[in-house]
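Undergrad: Structure in structure tokens, see below.
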2 protein chains.
Amino acid sequence: MAEADSPHSNECPVARTLEAIGDRWSLMIIRDAFDGIRRFSEFQKSLGVAKNILASRLKTLVEVGVFDIGPASDGSAYKEYVLTEKGREVFPIVVSMRQWGERYLFKPQETRSVLLDNARGQTLMPIAVFSSSGQPLGPADCHRVRISAQTS
Amino acid sequence: MAEADSPHSNECPVARTLEAIGDRWSLMIIRDAFDGIRRFSEFQKSLGVAKNILASRLKTLVEVGVFDIGPASDGSAYKEYVLTEKGREVFPIVVSMRQWGERYLFKPQETRSVLLDNARGQTLMPIAVFSSSGQPLGPADCHRVRISAQTS
DNA sequence: CCGTATCCATTCCGATACTG
DNA sequence: CAGTATCGGAATGGATACGG
């Protein structure tokens, strides 16, 4: 049954995001796409994942709207997977994951990959949460509320 | 070599983060912790997850250093799970996931839960990636490089 | 109340083989 | 090159029963 959604994904956007791209491979695939990877074989080589798994993930990511399938840019007969706007917008998610990992999961001298901005070759500003008025916010400074539809 | 890690967690911080907290429940547990949940039964009720699973996840999250176990604040005989600094710092990750989900995974009128800042009751500023000099950055404005240990 | 132990179903993954 | 088909094994999840 291609039924709606699973029990707990109903109204929490975090849960839905996890359900859409929160599996073990999807975010890695998207991360590679941020590095310019577009071809099946390149994903496969970069990730070392089995082809059937990769095919399956790519397929659902296209269904979800993270990737579009387009013609090869080099004129070859094959397809390319290119990020949609929706896909590009997961950038903050993977960058915040990257920064958290860098900070807490590596020993100081351990070899790692880092992200640099093209313009200056500098590391990025740490991602943080701000209020609409620009105040930095921690978990304790926020609360969740339920919004049922808007009548304006 | 000298790589004793699991295959894909090698040197990408994103991969390590995914391995540490990227499973189906951990981020939901942490999200609940941001809402002030600290007790086993509260997590269980909030998430609707089986007790053995919850116990298992909580255990690994403690091992990973996201939670500390402390005495109950109300003087009862039981433990509480309280976020460490490392745990609190996953806040940007779940907020960026939340915002992406809100934006792309909900129909406009669908009921959802949203995060508001306590001080003003406003929605948060969208999380974005900036260079160290304050320029907004997209995926195409960055590149990855490998850093092997020491320079200077 | 807070877990642990057990059992079972399901899903996920990887290797391999095969097709256009 | 870009997948699909199939299979076995591993990991994950859920329900329930039990113990501190």
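So you can find residues: chains in the structure tokens are A, B, ... in the order shown, residues in each start at 1, and ligands are numbered from 1 in order.
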Taking only C-alpha atoms (C1' of nucleotides) into account, which residues of chain A are within 8 Å of chain D, as JSON, numbers by chain?
TA: {"A": [40, 41, 51, 52, 55, 78]}
Undergrad: Select residues of chain A: the criterion is any atom within 6 Å of an atom of chain B, counting only C-alpha atoms; output as a PyMOL selection string.
TA: chain A and resi 11-14+17+34+92-93+96-98+101-102+109-118+124-125+128-132+139+141-149
Undergrad: Please extract the residues of chain A with a backbone DSSP assignment of alpha helix (DSSP H) and present them as a VMD selection string.
TA: chain A and resid 13 to 21 26 to 34 40 to 47 51 to 64 85 to 88 91 to 104
Undergrad: Using only C-alpha atoms (C1' of nucleotides), which protein or nucleic acid residues come within 9 Å of Ile29 of chain B? Drop anything in the same chain fewer than 6 positions from it, and give the result as a ChimeraX atom specification.
TA: /B:37,43,47,54,57-58
Undergrad: Residues of chain A classed as strand (DSSP E) by DSSP on the backbone are to be reported as a list in words.
TA: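 Answer for chain A restricted to strand (DSSP E) is Phe67, Asp68, Ile69, Gly70, Pro71, Lys79, Glu80, Tyr81, Val82, Leu83, Arg112, Ser113, Val114, Leu115, Leu116, Asp117, Cys142, His143, Arg144, Val145, Arg146 and Ile147 of chain A.
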Undergrad: So that I have them on file, write out the residues from the current selection with C-alpha atoms, as a CSV table (one decimal), in the first residue's frame.
TA:
```csv
chain,number,residue,atom,x,y,z
A,67,PHE,CA,16.8,15.3,-8.3
A,68,ASP,CA,15.7,15.8,-11.9
A,69,ILE,CA,16.8,13.5,-14.6
A,70,GLY,CA,18.3,15.4,-17.5
A,71,PRO,CA,20.2,14.6,-20.7
A,79,LYS,CA,21.1,10.6,-18.2
A,80,GLU,CA,22.3,12.8,-15.5
A,81,TYR,CA,21.0,13.4,-12.0
A,82,VAL,CA,20.8,17.1,-11.3
A,83,LEU,CA,19.6,18.7,-8.1
A,112,ARG,CA,39.4,14.8,7.1
A,113,SER,CA,37.7,16.6,4.3
A,114,VAL,CA,36.6,20.2,4.8
A,115,LEU,CA,34.5,22.6,2.8
A,116,LEU,CA,36.0,25.9,1.6
A,117,ASP,CA,34.4,28.8,-0.2
A,142,CYS,CA,12.4,28.0,21.5
A,143,HIS,CA,9.2,26.1,21.9
A,144,ARG,CA,7.1,24.1,19.5
A,145,VAL,CA,3.5,24.8,18.8
A,146,ARG,CA,0.9,23.1,16.6
A,147,ILE,CA,-0.4,25.1,13.7
```
Undergrad: Chain C near chain A within 10 Å: what's each residue's closest atom pair and its distance in Å to one decimal, counting only C-alpha atoms (C1' of nucleotides), ordered by chain then ascending residue number, as CSV?
TA:
```
residue,atom,partner,partner_atom,distance
C:DC12,C1',A:Ile53,CA,9.0
C:DC13,C1',A:Ile53,CA,7.4
C:DG14,C1',A:Ala50,CA,6.0
C:DA15,C1',A:Ala50,CA,8.0
```
Undergrad: To one decimal place in Å, what is the distance between atom CA of Ser26 of chain B and atom CA of Leu61 of chain B?
TA: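 About the pair atom CA of Ser26 of chain B and atom CA of Leu61 of chain B: they are 7.5 Å apart.
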